[in-house]
Every structure is written in structure tokens, then in C-alpha cells.
file coords_25.txt (compact mmCIF, N, CA and C atoms)
# COMPACT_ATOMS: atom_id res chain seq x y z
N MET F 340 14.12 -17.27 -8.33
CA MET F 340 15.02 -17.25 -7.20
C MET F 340 14.50 -16.23 -6.18
N ILE F 341 14.57 -16.59 -4.94
CA ILE F 341 14.15 -15.69 -3.88
C ILE F 341 15.40 -15.14 -3.20
N VAL F 342 15.47 -13.81 -3.09
CA VAL F 342 16.61 -13.17 -2.44
C VAL F 342 16.11 -12.11 -1.48
N LEU F 343 16.89 -11.84 -0.47
CA LEU F 343 16.62 -10.75 0.46
C LEU F 343 17.17 -9.48 -0.15
N ALA F 344 16.34 -8.43 -0.24
CA ALA F 344 16.78 -7.20 -0.88
C ALA F 344 16.30 -5.98 -0.09
N GLU F 345 17.07 -4.92 -0.16
CA GLU F 345 16.69 -3.63 0.42
C GLU F 345 15.91 -2.87 -0.63
N VAL F 346 14.72 -2.41 -0.29
CA VAL F 346 13.91 -1.59 -1.19
C VAL F 346 13.40 -0.38 -0.42
N ALA F 347 12.99 0.63 -1.14
CA ALA F 347 12.46 1.83 -0.49
C ALA F 347 11.15 1.50 0.21
N ARG F 348 10.88 2.22 1.28
CA ARG F 348 9.61 2.05 1.99
C ARG F 348 8.48 2.42 1.04
N PRO F 349 7.51 1.53 0.85
CA PRO F 349 6.43 1.83 -0.10
C PRO F 349 5.49 2.91 0.44
N GLU F 350 4.96 3.71 -0.46
CA GLU F 350 4.01 4.75 -0.08
C GLU F 350 2.62 4.36 -0.59
N PRO F 351 1.60 4.48 0.24
CA PRO F 351 0.26 4.07 -0.18
C PRO F 351 -0.37 5.05 -1.17
N GLY F 352 -0.89 4.51 -2.25
CA GLY F 352 -1.62 5.31 -3.23
C GLY F 352 -3.08 5.41 -2.83
N PRO F 353 -3.92 5.94 -3.69
CA PRO F 353 -5.34 6.10 -3.39
C PRO F 353 -6.00 4.78 -2.99
N GLY F 354 -6.73 4.83 -1.89
CA GLY F 354 -7.47 3.67 -1.43
C GLY F 354 -6.64 2.58 -0.78
N ARG F 355 -5.37 2.83 -0.55
CA ARG F 355 -4.50 1.83 0.07
C ARG F 355 -3.96 2.35 1.40
N ILE F 356 -3.53 1.40 2.21
CA ILE F 356 -2.88 1.74 3.47
C ILE F 356 -1.52 1.06 3.52
N ARG F 357 -0.65 1.56 4.41
CA ARG F 357 0.62 0.91 4.67
C ARG F 357 0.59 0.44 6.12
N ILE F 358 1.10 -0.78 6.32
CA ILE F 358 1.20 -1.28 7.69
C ILE F 358 2.64 -1.61 8.02
N SER F 359 2.94 -1.55 9.31
CA SER F 359 4.16 -2.12 9.84
C SER F 359 3.82 -3.60 10.06
N VAL F 360 4.46 -4.48 9.31
CA VAL F 360 4.10 -5.90 9.32
C VAL F 360 4.50 -6.55 10.63
N GLN F 361 3.54 -7.26 11.23
CA GLN F 361 3.81 -8.05 12.43
C GLN F 361 3.84 -9.54 12.11
N ALA F 362 3.10 -9.95 11.08
CA ALA F 362 3.09 -11.35 10.67
C ALA F 362 2.71 -11.44 9.20
N CYS F 363 3.26 -12.43 8.54
CA CYS F 363 3.01 -12.63 7.11
C CYS F 363 2.78 -14.11 6.86
N GLY F 364 1.80 -14.41 6.01
CA GLY F 364 1.55 -15.79 5.62
C GLY F 364 1.87 -15.99 4.16
N LEU F 365 2.43 -17.15 3.84
CA LEU F 365 2.71 -17.52 2.45
C LEU F 365 1.68 -18.55 2.02
N THR F 366 1.17 -18.41 0.80
CA THR F 366 0.12 -19.28 0.29
C THR F 366 0.61 -19.98 -0.98
N PRO F 367 -0.15 -20.95 -1.48
CA PRO F 367 0.22 -21.55 -2.77
C PRO F 367 0.35 -20.50 -3.88
N ALA F 368 -0.41 -19.43 -3.81
CA ALA F 368 -0.27 -18.37 -4.81
C ALA F 368 1.13 -17.76 -4.78
N ASP F 369 1.72 -17.64 -3.60
CA ASP F 369 3.10 -17.14 -3.49
C ASP F 369 4.08 -18.07 -4.21
N TRP F 370 3.88 -19.38 -4.07
CA TRP F 370 4.76 -20.33 -4.76
C TRP F 370 4.67 -20.09 -6.26
N HIS F 371 3.44 -19.92 -6.76
CA HIS F 371 3.23 -19.73 -8.19
C HIS F 371 3.84 -18.40 -8.67
N LEU F 372 3.71 -17.35 -7.86
CA LEU F 372 4.32 -16.07 -8.23
C LEU F 372 5.84 -16.20 -8.30
N ALA F 373 6.42 -16.93 -7.34
CA ALA F 373 7.86 -17.13 -7.33
C ALA F 373 8.30 -17.94 -8.54
N ASP F 374 7.42 -18.80 -9.05
CA ASP F 374 7.72 -19.60 -10.25
C ASP F 374 7.50 -18.84 -11.54
N GLY F 375 7.04 -17.56 -11.46
CA GLY F 375 6.86 -16.76 -12.66
C GLY F 375 5.43 -16.59 -13.12
N LEU F 376 4.46 -17.15 -12.38
CA LEU F 376 3.06 -16.95 -12.75
C LEU F 376 2.75 -15.46 -12.78
N LEU F 377 2.03 -15.02 -13.76
CA LEU F 377 1.63 -13.63 -13.95
C LEU F 377 2.78 -12.73 -14.38
N ALA F 378 3.92 -13.30 -14.75
CA ALA F 378 5.06 -12.47 -15.16
C ALA F 378 4.71 -11.61 -16.37
N ASP F 379 3.77 -12.08 -17.19
CA ASP F 379 3.38 -11.30 -18.37
C ASP F 379 2.54 -10.08 -18.01
N VAL F 380 1.78 -10.15 -16.90
CA VAL F 380 0.95 -9.01 -16.50
C VAL F 380 1.53 -8.25 -15.30
N LEU F 381 2.44 -8.88 -14.56
CA LEU F 381 3.11 -8.23 -13.43
C LEU F 381 4.63 -8.35 -13.60
N PRO F 382 5.18 -7.65 -14.58
CA PRO F 382 6.61 -7.81 -14.86
C PRO F 382 7.54 -7.09 -13.89
N VAL F 383 6.99 -6.41 -12.87
CA VAL F 383 7.81 -5.64 -11.95
C VAL F 383 8.76 -6.57 -11.18
N LEU F 384 10.03 -6.28 -11.27
CA LEU F 384 11.03 -7.00 -10.49
C LEU F 384 11.96 -5.98 -9.85
N PRO F 385 12.39 -6.12 -8.64
CA PRO F 385 12.01 -7.25 -7.80
C PRO F 385 10.54 -7.14 -7.38
N ARG F 386 9.95 -8.27 -7.10
CA ARG F 386 8.57 -8.31 -6.63
C ARG F 386 8.56 -9.10 -5.32
N GLY F 387 7.85 -8.59 -4.35
CA GLY F 387 7.81 -9.24 -3.05
C GLY F 387 6.88 -10.43 -3.02
N LEU F 388 7.01 -11.22 -1.96
CA LEU F 388 6.15 -12.35 -1.69
C LEU F 388 5.43 -12.12 -0.37
N GLY F 389 4.43 -12.92 -0.12
CA GLY F 389 3.68 -12.83 1.13
C GLY F 389 2.37 -12.12 0.91
N LEU F 390 1.35 -12.88 0.52
CA LEU F 390 0.06 -12.27 0.16
C LEU F 390 -0.86 -12.06 1.35
N GLU F 391 -0.54 -12.62 2.50
CA GLU F 391 -1.39 -12.47 3.67
C GLU F 391 -0.59 -11.77 4.77
N VAL F 392 -1.17 -10.70 5.33
CA VAL F 392 -0.44 -9.94 6.35
C VAL F 392 -1.35 -9.48 7.49
N ALA F 393 -0.67 -9.18 8.58
CA ALA F 393 -1.32 -8.52 9.71
C ALA F 393 -0.30 -7.55 10.29
N GLY F 394 -0.79 -6.41 10.76
CA GLY F 394 0.12 -5.43 11.32
C GLY F 394 -0.61 -4.19 11.78
N THR F 395 0.17 -3.15 12.02
CA THR F 395 -0.35 -1.89 12.53
C THR F 395 -0.29 -0.82 11.44
N VAL F 396 -1.40 -0.15 11.23
CA VAL F 396 -1.48 0.90 10.20
C VAL F 396 -0.51 2.02 10.57
N ASP F 397 0.34 2.41 9.60
CA ASP F 397 1.24 3.54 9.86
C ASP F 397 1.15 4.64 8.81
N ALA F 398 0.38 4.44 7.73
CA ALA F 398 0.17 5.49 6.73
C ALA F 398 -1.11 5.20 5.95
N LEU F 399 -1.80 6.27 5.57
CA LEU F 399 -3.05 6.17 4.81
C LEU F 399 -2.89 6.81 3.46
N GLY F 400 -3.40 6.15 2.43
CA GLY F 400 -3.41 6.74 1.11
C GLY F 400 -4.60 7.68 0.97
N PRO F 401 -4.61 8.51 -0.07
CA PRO F 401 -5.74 9.42 -0.30
C PRO F 401 -7.05 8.65 -0.40
N GLY F 402 -8.08 9.20 0.23
CA GLY F 402 -9.41 8.62 0.16
C GLY F 402 -9.69 7.54 1.19
N VAL F 403 -8.74 7.21 2.05
CA VAL F 403 -8.96 6.19 3.07
C VAL F 403 -9.48 6.87 4.33
N HIS F 404 -10.67 6.45 4.76
CA HIS F 404 -11.29 7.09 5.93
C HIS F 404 -11.81 6.10 6.96
N ASP F 405 -11.75 4.79 6.67
CA ASP F 405 -12.37 3.81 7.56
C ASP F 405 -11.39 3.12 8.50
N VAL F 406 -10.17 3.64 8.60
CA VAL F 406 -9.15 3.07 9.47
C VAL F 406 -8.25 4.22 9.92
N ARG F 407 -7.60 4.03 11.08
CA ARG F 407 -6.73 5.08 11.60
C ARG F 407 -5.32 4.55 11.83
N ILE F 408 -4.38 5.46 11.82
CA ILE F 408 -3.00 5.10 12.15
C ILE F 408 -3.00 4.51 13.56
N GLY F 409 -2.33 3.37 13.71
CA GLY F 409 -2.27 2.67 14.98
C GLY F 409 -3.24 1.51 15.08
N ASP F 410 -4.23 1.42 14.17
CA ASP F 410 -5.17 0.29 14.18
C ASP F 410 -4.46 -0.99 13.78
N ARG F 411 -4.85 -2.10 14.40
CA ARG F 411 -4.37 -3.43 14.01
C ARG F 411 -5.29 -3.98 12.93
N VAL F 412 -4.72 -4.38 11.78
CA VAL F 412 -5.53 -4.87 10.67
C VAL F 412 -4.90 -6.14 10.06
N PHE F 413 -5.71 -6.84 9.26
CA PHE F 413 -5.20 -7.97 8.50
C PHE F 413 -5.88 -7.98 7.14
N GLY F 414 -5.28 -8.69 6.20
CA GLY F 414 -5.86 -8.80 4.87
C GLY F 414 -4.80 -9.12 3.85
N PRO F 415 -5.13 -8.93 2.57
CA PRO F 415 -4.16 -9.22 1.51
C PRO F 415 -3.16 -8.08 1.34
N ALA F 416 -1.92 -8.44 1.06
CA ALA F 416 -0.90 -7.45 0.75
C ALA F 416 -0.89 -7.20 -0.75
N CYS F 417 -0.59 -5.98 -1.14
CA CYS F 417 -0.39 -5.67 -2.56
C CYS F 417 0.86 -6.40 -3.02
N PHE F 418 0.83 -6.97 -4.21
CA PHE F 418 2.00 -7.67 -4.73
C PHE F 418 2.37 -7.19 -6.12
N ASP F 419 1.94 -5.97 -6.44
CA ASP F 419 2.23 -5.42 -7.77
C ASP F 419 3.39 -4.44 -7.75
N GLY F 420 4.21 -4.53 -6.74
CA GLY F 420 5.38 -3.66 -6.63
C GLY F 420 6.53 -4.41 -6.01
N PRO F 421 7.58 -3.71 -5.60
CA PRO F 421 8.77 -4.38 -5.10
C PRO F 421 8.63 -4.98 -3.70
N THR F 422 7.54 -4.69 -3.00
CA THR F 422 7.34 -5.31 -1.69
C THR F 422 5.98 -5.99 -1.66
N ALA F 423 5.81 -6.87 -0.72
CA ALA F 423 4.52 -7.51 -0.43
C ALA F 423 4.51 -7.70 1.08
N GLY F 424 3.96 -8.79 1.56
CA GLY F 424 3.83 -8.96 3.00
C GLY F 424 5.09 -9.38 3.72
N ALA F 425 6.00 -10.06 3.03
CA ALA F 425 7.24 -10.52 3.67
C ALA F 425 8.25 -9.37 3.66
N ALA F 426 7.91 -8.33 4.38
CA ALA F 426 8.74 -7.12 4.42
C ALA F 426 8.46 -6.39 5.73
N GLU F 427 9.24 -5.39 6.00
CA GLU F 427 9.02 -4.59 7.22
C GLU F 427 7.73 -3.78 7.11
N TYR F 428 7.45 -3.28 5.89
CA TYR F 428 6.22 -2.52 5.63
C TYR F 428 5.53 -3.11 4.41
N ALA F 429 4.21 -3.09 4.43
CA ALA F 429 3.43 -3.62 3.30
C ALA F 429 2.28 -2.69 2.99
N LEU F 430 1.92 -2.64 1.72
CA LEU F 430 0.73 -1.91 1.29
C LEU F 430 -0.44 -2.88 1.22
N MET F 431 -1.63 -2.38 1.52
CA MET F 431 -2.83 -3.22 1.49
C MET F 431 -3.94 -2.52 0.71
N PRO F 432 -4.62 -3.26 -0.19
CA PRO F 432 -5.74 -2.69 -0.93
C PRO F 432 -7.08 -2.89 -0.21
N ALA F 433 -7.11 -3.82 0.75
CA ALA F 433 -8.32 -4.12 1.53
C ALA F 433 -7.86 -4.62 2.90
N TRP F 434 -8.70 -4.44 3.91
CA TRP F 434 -8.29 -4.80 5.27
C TRP F 434 -9.52 -4.96 6.14
N ALA F 435 -9.29 -5.57 7.30
CA ALA F 435 -10.32 -5.72 8.33
C ALA F 435 -9.62 -5.59 9.67
N PRO F 436 -10.34 -5.15 10.69
CA PRO F 436 -9.70 -5.06 12.01
C PRO F 436 -9.39 -6.45 12.56
N VAL F 437 -8.26 -6.56 13.24
CA VAL F 437 -7.91 -7.81 13.91
C VAL F 437 -8.83 -7.92 15.13
N PRO F 438 -9.60 -9.00 15.23
CA PRO F 438 -10.50 -9.15 16.37
C PRO F 438 -9.74 -9.27 17.70
N GLU F 439 -10.36 -8.82 18.76
CA GLU F 439 -9.77 -8.94 20.10
C GLU F 439 -9.43 -10.40 20.37
N GLY F 440 -8.29 -10.64 20.97
CA GLY F 440 -7.88 -11.98 21.34
C GLY F 440 -7.23 -12.77 20.21
N VAL F 441 -7.16 -12.21 19.00
CA VAL F 441 -6.53 -12.88 17.87
C VAL F 441 -5.12 -12.33 17.70
N THR F 442 -4.14 -13.22 17.64
CA THR F 442 -2.76 -12.78 17.47
C THR F 442 -2.51 -12.35 16.02
N ALA F 443 -1.43 -11.65 15.82
CA ALA F 443 -1.06 -11.24 14.46
C ALA F 443 -0.82 -12.46 13.58
N GLU F 444 -0.19 -13.49 14.14
CA GLU F 444 0.06 -14.71 13.37
C GLU F 444 -1.25 -15.38 12.95
N GLN F 445 -2.20 -15.44 13.85
CA GLN F 445 -3.51 -16.02 13.51
C GLN F 445 -4.21 -15.19 12.45
N ALA F 446 -4.18 -13.88 12.61
CA ALA F 446 -4.85 -12.99 11.66
C ALA F 446 -4.23 -13.09 10.27
N ALA F 447 -2.90 -13.22 10.20
CA ALA F 447 -2.22 -13.29 8.91
C ALA F 447 -2.54 -14.59 8.17
N ALA F 448 -3.05 -15.58 8.88
CA ALA F 448 -3.41 -16.85 8.24
C ALA F 448 -4.84 -16.85 7.71
N LEU F 449 -5.59 -15.79 7.92
CA LEU F 449 -7.01 -15.76 7.57
C LEU F 449 -7.38 -15.32 6.15
N PRO F 450 -6.71 -14.37 5.52
CA PRO F 450 -7.24 -13.78 4.28
C PRO F 450 -7.63 -14.76 3.17
N VAL F 451 -6.74 -15.62 2.74
CA VAL F 451 -7.07 -16.52 1.63
C VAL F 451 -8.14 -17.53 2.05
N ALA F 452 -8.00 -18.10 3.24
CA ALA F 452 -9.00 -19.07 3.71
C ALA F 452 -10.37 -18.42 3.87
N ALA F 453 -10.42 -17.23 4.46
CA ALA F 453 -11.70 -16.56 4.67
C ALA F 453 -12.34 -16.15 3.34
N GLU F 454 -11.53 -15.64 2.40
CA GLU F 454 -12.09 -15.25 1.11
C GLU F 454 -12.58 -16.47 0.34
N THR F 455 -11.85 -17.56 0.41
CA THR F 455 -12.27 -18.79 -0.26
C THR F 455 -13.60 -19.28 0.31
N ALA F 456 -13.72 -19.28 1.63
CA ALA F 456 -14.97 -19.71 2.26
C ALA F 456 -16.12 -18.77 1.88
N TRP F 457 -15.86 -17.47 1.91
CA TRP F 457 -16.90 -16.48 1.55
C TRP F 457 -17.38 -16.70 0.13
N ARG F 458 -16.44 -16.85 -0.80
CA ARG F 458 -16.81 -17.06 -2.22
C ARG F 458 -17.59 -18.36 -2.40
N ALA F 459 -17.15 -19.42 -1.71
CA ALA F 459 -17.84 -20.71 -1.83
C ALA F 459 -19.28 -20.60 -1.33
N LEU F 460 -19.46 -19.98 -0.18
CA LEU F 460 -20.81 -19.82 0.36
C LEU F 460 -21.68 -18.97 -0.57
N ASP F 461 -21.10 -17.93 -1.12
CA ASP F 461 -21.84 -17.08 -2.05
C ASP F 461 -22.18 -17.84 -3.33
N ASP F 462 -21.20 -18.55 -3.89
CA ASP F 462 -21.44 -19.31 -5.12
C ASP F 462 -22.50 -20.39 -4.92
N LEU F 463 -22.52 -21.00 -3.73
CA LEU F 463 -23.50 -22.05 -3.45
C LEU F 463 -24.87 -21.49 -3.05
N GLY F 464 -24.93 -20.21 -2.77
CA GLY F 464 -26.20 -19.60 -2.37
C GLY F 464 -26.63 -19.94 -0.96
N VAL F 465 -25.68 -20.28 -0.09
CA VAL F 465 -26.01 -20.62 1.29
C VAL F 465 -26.47 -19.36 2.02
N ARG F 466 -27.59 -19.47 2.69
CA ARG F 466 -28.20 -18.33 3.39
C ARG F 466 -28.16 -18.56 4.90
N PRO F 467 -28.26 -17.49 5.68
CA PRO F 467 -28.29 -17.64 7.14
C PRO F 467 -29.35 -18.66 7.57
N GLY F 468 -28.97 -19.51 8.51
CA GLY F 468 -29.89 -20.53 9.02
C GLY F 468 -29.80 -21.85 8.28
N GLU F 469 -29.17 -21.87 7.11
CA GLU F 469 -29.00 -23.12 6.37
C GLU F 469 -27.74 -23.84 6.86
N LEU F 470 -27.69 -25.14 6.65
CA LEU F 470 -26.57 -25.96 7.09
C LEU F 470 -25.81 -26.45 5.86
N LEU F 471 -24.48 -26.36 5.91
CA LEU F 471 -23.63 -26.83 4.83
C LEU F 471 -22.60 -27.77 5.42
N LEU F 472 -22.51 -28.98 4.86
CA LEU F 472 -21.49 -29.94 5.29
C LEU F 472 -20.32 -29.86 4.31
N VAL F 473 -19.13 -29.61 4.84
CA VAL F 473 -17.91 -29.60 4.02
C VAL F 473 -17.13 -30.84 4.43
N HIS F 474 -16.91 -31.73 3.48
CA HIS F 474 -16.26 -32.99 3.75
C HIS F 474 -15.02 -33.14 2.88
N GLY F 475 -13.90 -33.49 3.47
CA GLY F 475 -12.68 -33.71 2.68
C GLY F 475 -12.13 -32.45 2.07
N ALA F 476 -12.09 -31.36 2.83
CA ALA F 476 -11.65 -30.08 2.29
C ALA F 476 -10.16 -29.85 2.39
N GLY F 477 -9.40 -30.85 2.78
CA GLY F 477 -7.97 -30.68 2.90
C GLY F 477 -7.31 -30.55 1.55
N HIS F 478 -6.10 -30.00 1.55
CA HIS F 478 -5.34 -29.82 0.32
C HIS F 478 -4.04 -30.59 0.44
N HIS F 479 -3.72 -31.32 -0.57
CA HIS F 479 -2.45 -32.07 -0.57
C HIS F 479 -1.64 -31.64 -1.78
N ARG F 480 -0.43 -31.21 -1.53
CA ARG F 480 0.46 -30.82 -2.62
C ARG F 480 1.50 -31.92 -2.75
N GLY F 481 1.58 -32.49 -3.90
CA GLY F 481 2.60 -33.52 -4.05
C GLY F 481 2.37 -34.40 -5.21
call {"tool": "encode", "arguments": {"input": "coords_25.txt", "output": "C-alpha cells"}}
result
Amino acid sequence: MIVLAEVARPEPGPGRIRISVQACGLTPADWHLADGLLADVLPVLPRGLGLEVAGTVDALGPGVHDVRIGDRVFGPACFDGPTAGAAEYALMPAWAPVPEGVTAEQAAALPVAAETAWRALDDLGVRPGELLLVHGAGHHRG
């Protein structure tokens, strides 16, 4: 069951940042988490949803030096605690700067798709200058 709940503002631990969320994307992984997937290894409840986020950095965890408060970033939200991306604030274990001209909504839609593409190219051994045809890459749930 999905419910709206008040939780404490999360604090970033080592190597993590906190953002003020501007946009959040929900993925098939969110559906599976809501259905109880990983409940045996992530028993924390309540647990937030929204694995893809974009927003403005407002706090840095220990050891974070490659981003500053006020930077616009996007990437995966942490989902091992009571909040995730579908919240006012989210913690992030990894991030990238939002490119100029890209909206927060567009940036929040990138993490899973970009990581999937990156992994596929790496797994296939595609190198710069080579051509790869992707045919029929759509996903149908039903």
C-alpha cells in the first residue's frame, strides 16, 4: 500500500548528498519495490518510492567534494530508508550535473535509461566510432 507520510528530513551519510527535489521519476523497479521486492534485504518501513530524481544540492555528506550546495544534479535516489525521490528532500549515492537547457523533469527521466544504455554498450564492447543498431527496444507491460 502506498501512503503519504511525514518523515524526518534525511541527513546525508558519507559519500552521499541531499537534494531539494524538483522532479522525480517512477520506474518499473518502483512498482516492484511497492509490491515487496527486496523486503528480505530492505525491511525498512516506511520506505520511499521514486528511484530517479533531479534537484538542487542542499547538504553534503562527509567526503563529498565534487559538488557544491546550490548545484543542479540528477541521478538515482537512495531507497534504503524512509524517503526516496518522491519526497521534498532525497539522498543520492551518485549524481551528475544537469546539463544546460535540460529541465528537471527531463533530467529525472534519465538515470535508469542512461545506466541501462551504458551497461548495454559496455557489455557489448561497443567502442567509439562503431555503429550499433537498436531495433524494437520498446517495453510493454501487460
call {"tool": "residues_around", "arguments": {"input": "coords_25.txt", "residues": "segment 366-375 of chain F", "least_positions_apart": "4", "cutoff": "8 Å", "atoms": "only C-alpha atoms", "output": "list of chain:residue names"}}
result
F:Met340, F:Ile341, F:Leu388, F:Gly389, F:Leu390, F:Glu391, F:Val451
call {"tool": "closest_residue", "arguments": {"input": "coords_25.txt", "among": "F:Val396, F:Ala435, F:Val342, F:Val473", "to": "Ala456 of chain F", "atoms": "only C-alpha atoms"}}
result
F:Val473
call {"tool": "select_by_dssp", "arguments": {"input": "coords_25.txt", "residues": "segment 411-463 of chain F", "states": "helix (DSSP H, G or I)", "output": "list of chain:residue names"}}
result
F:Ala443, F:Glu444, F:Gln445, F:Ala446, F:Ala447, F:Pro450, F:Val451, F:Ala452, F:Ala453, F:Glu454, F:Thr455, F:Ala456, F:Trp457, F:Arg458, F:Ala459, F:Leu460, F:Asp461, F:Asp462, F:Leu463
call {"tool": "atom_distance", "arguments": {"input": "coords_25.txt", "atom1": "atom N of Leu460 of chain F", "atom2": "atom C of Ala448 of chain F"}}
result
16.9 Å
call {"tool": "atom_distance", "arguments": {"input": "coords_25.txt", "atom1": "atom CA of Ala433 of chain F", "atom2": "atom C of Gly420 of chain F"}}
result
16.7 Å
call {"tool": "closest_residue", "arguments": {"input": "coords_25.txt", "among": "F:Ala393, F:Leu449, F:Leu376, F:Val412", "to": "Trp434 of chain F", "atoms": "only N, CA and C atoms"}}
result
F:Val412
call {"tool": "closest_residue", "arguments": {"input": "coords_25.txt", "among": "F:Ala378, F:Leu399, F:Val465, F:Ala362", "to": "Thr442 of chain F", "atoms": "only C-alpha atoms"}}
result
F:Ala362
call {"tool": "atom_distance", "arguments": {"input": "coords_25.txt", "atom1": "atom N of Ala452 of chain F", "atom2": "atom CA of Val403 of chain F"}}
result
24.3 Å
call {"tool": "select_by_dssp", "arguments": {"input": "coords_25.txt", "residues": "chain F", "states": "strand (DSSP E or B)", "output": "PyMOL selection string"}}
result
chain F and resi 356-364+391-399+411-415+428-431+435-436
call {"tool": "write_last_selection", "arguments": {"input": "coords_25.txt", "atoms": "N, CA and C atoms", "output": "short mmCIF file (atom, residue, chain, number, x, y, z; two decimals), in the coordinates of the input"}}
result
data_model
loop_
_atom_site.label_atom_id
_atom_site.label_comp_id
_atom_site.auth_asym_id
_atom_site.auth_seq_id
_atom_site.Cartn_x
_atom_site.Cartn_y
_atom_site.Cartn_z
N ILE F 356 -3.53 1.40 2.21
CA ILE F 356 -2.88 1.74 3.47
C ILE F 356 -1.52 1.06 3.52
N ARG F 357 -0.65 1.56 4.41
CA ARG F 357 0.62 0.91 4.67
C ARG F 357 0.59 0.44 6.12
N ILE F 358 1.10 -0.78 6.32
CA ILE F 358 1.20 -1.28 7.69
C ILE F 358 2.64 -1.61 8.02
N SER F 359 2.94 -1.55 9.31
CA SER F 359 4.16 -2.12 9.84
C SER F 359 3.82 -3.60 10.06
N VAL F 360 4.46 -4.48 9.31
CA VAL F 360 4.10 -5.90 9.32
C VAL F 360 4.50 -6.55 10.63
N GLN F 361 3.54 -7.26 11.23
CA GLN F 361 3.81 -8.05 12.43
C GLN F 361 3.84 -9.54 12.11
N ALA F 362 3.10 -9.95 11.08
CA ALA F 362 3.09 -11.35 10.67
C ALA F 362 2.71 -11.44 9.20
N CYS F 363 3.26 -12.43 8.54
CA CYS F 363 3.01 -12.63 7.11
C CYS F 363 2.78 -14.11 6.86
N GLY F 364 1.80 -14.41 6.01
CA GLY F 364 1.55 -15.79 5.62
C GLY F 364 1.87 -15.99 4.16
N GLU F 391 -0.54 -12.62 2.50
CA GLU F 391 -1.39 -12.47 3.67
C GLU F 391 -0.59 -11.77 4.77
N VAL F 392 -1.17 -10.70 5.33
CA VAL F 392 -0.44 -9.94 6.35
C VAL F 392 -1.35 -9.48 7.49
N ALA F 393 -0.67 -9.18 8.58
CA ALA F 393 -1.32 -8.52 9.71
C ALA F 393 -0.30 -7.55 10.29
N GLY F 394 -0.79 -6.41 10.76
CA GLY F 394 0.12 -5.43 11.32
C GLY F 394 -0.61 -4.19 11.78
N THR F 395 0.17 -3.15 12.02
CA THR F 395 -0.35 -1.89 12.53
C THR F 395 -0.29 -0.82 11.44
N VAL F 396 -1.40 -0.15 11.23
CA VAL F 396 -1.48 0.90 10.20
C VAL F 396 -0.51 2.02 10.57
N ASP F 397 0.34 2.41 9.60
CA ASP F 397 1.24 3.54 9.86
C ASP F 397 1.15 4.64 8.81
N ALA F 398 0.38 4.44 7.73
CA ALA F 398 0.17 5.49 6.73
C ALA F 398 -1.11 5.20 5.95
N LEU F 399 -1.80 6.27 5.57
CA LEU F 399 -3.05 6.17 4.81
C LEU F 399 -2.89 6.81 3.46
N ARG F 411 -4.85 -2.10 14.40
CA ARG F 411 -4.37 -3.43 14.01
C ARG F 411 -5.29 -3.98 12.93
N VAL F 412 -4.72 -4.38 11.78
CA VAL F 412 -5.53 -4.87 10.67
C VAL F 412 -4.90 -6.14 10.06
N PHE F 413 -5.71 -6.84 9.26
CA PHE F 413 -5.20 -7.97 8.50
C PHE F 413 -5.88 -7.98 7.14
N GLY F 414 -5.28 -8.69 6.20
CA GLY F 414 -5.86 -8.80 4.87
C GLY F 414 -4.80 -9.12 3.85
N PRO F 415 -5.13 -8.93 2.57
CA PRO F 415 -4.16 -9.22 1.51
C PRO F 415 -3.16 -8.08 1.34
N TYR F 428 7.45 -3.28 5.89
CA TYR F 428 6.22 -2.52 5.63
C TYR F 428 5.53 -3.11 4.41
N ALA F 429 4.21 -3.09 4.43
CA ALA F 429 3.43 -3.62 3.30
C ALA F 429 2.28 -2.69 2.99
N LEU F 430 1.92 -2.64 1.72
CA LEU F 430 0.73 -1.91 1.29
C LEU F 430 -0.44 -2.88 1.22
N MET F 431 -1.63 -2.38 1.52
CA MET F 431 -2.83 -3.22 1.49
C MET F 431 -3.94 -2.52 0.71
N ALA F 435 -9.29 -5.57 7.30
CA ALA F 435 -10.32 -5.72 8.33
C ALA F 435 -9.62 -5.59 9.67
N PRO F 436 -10.34 -5.15 10.69
CA PRO F 436 -9.70 -5.06 12.01
C PRO F 436 -9.39 -6.45 12.56
#
call {"tool": "closest_residue", "arguments": {"input": "coords_25.txt", "among": "F:Pro432, F:Cys363, F:Gly424, F:Arg386", "to": "Ala447 of chain F", "atoms": "all atoms listed in the file"}}
result
F:Cys363
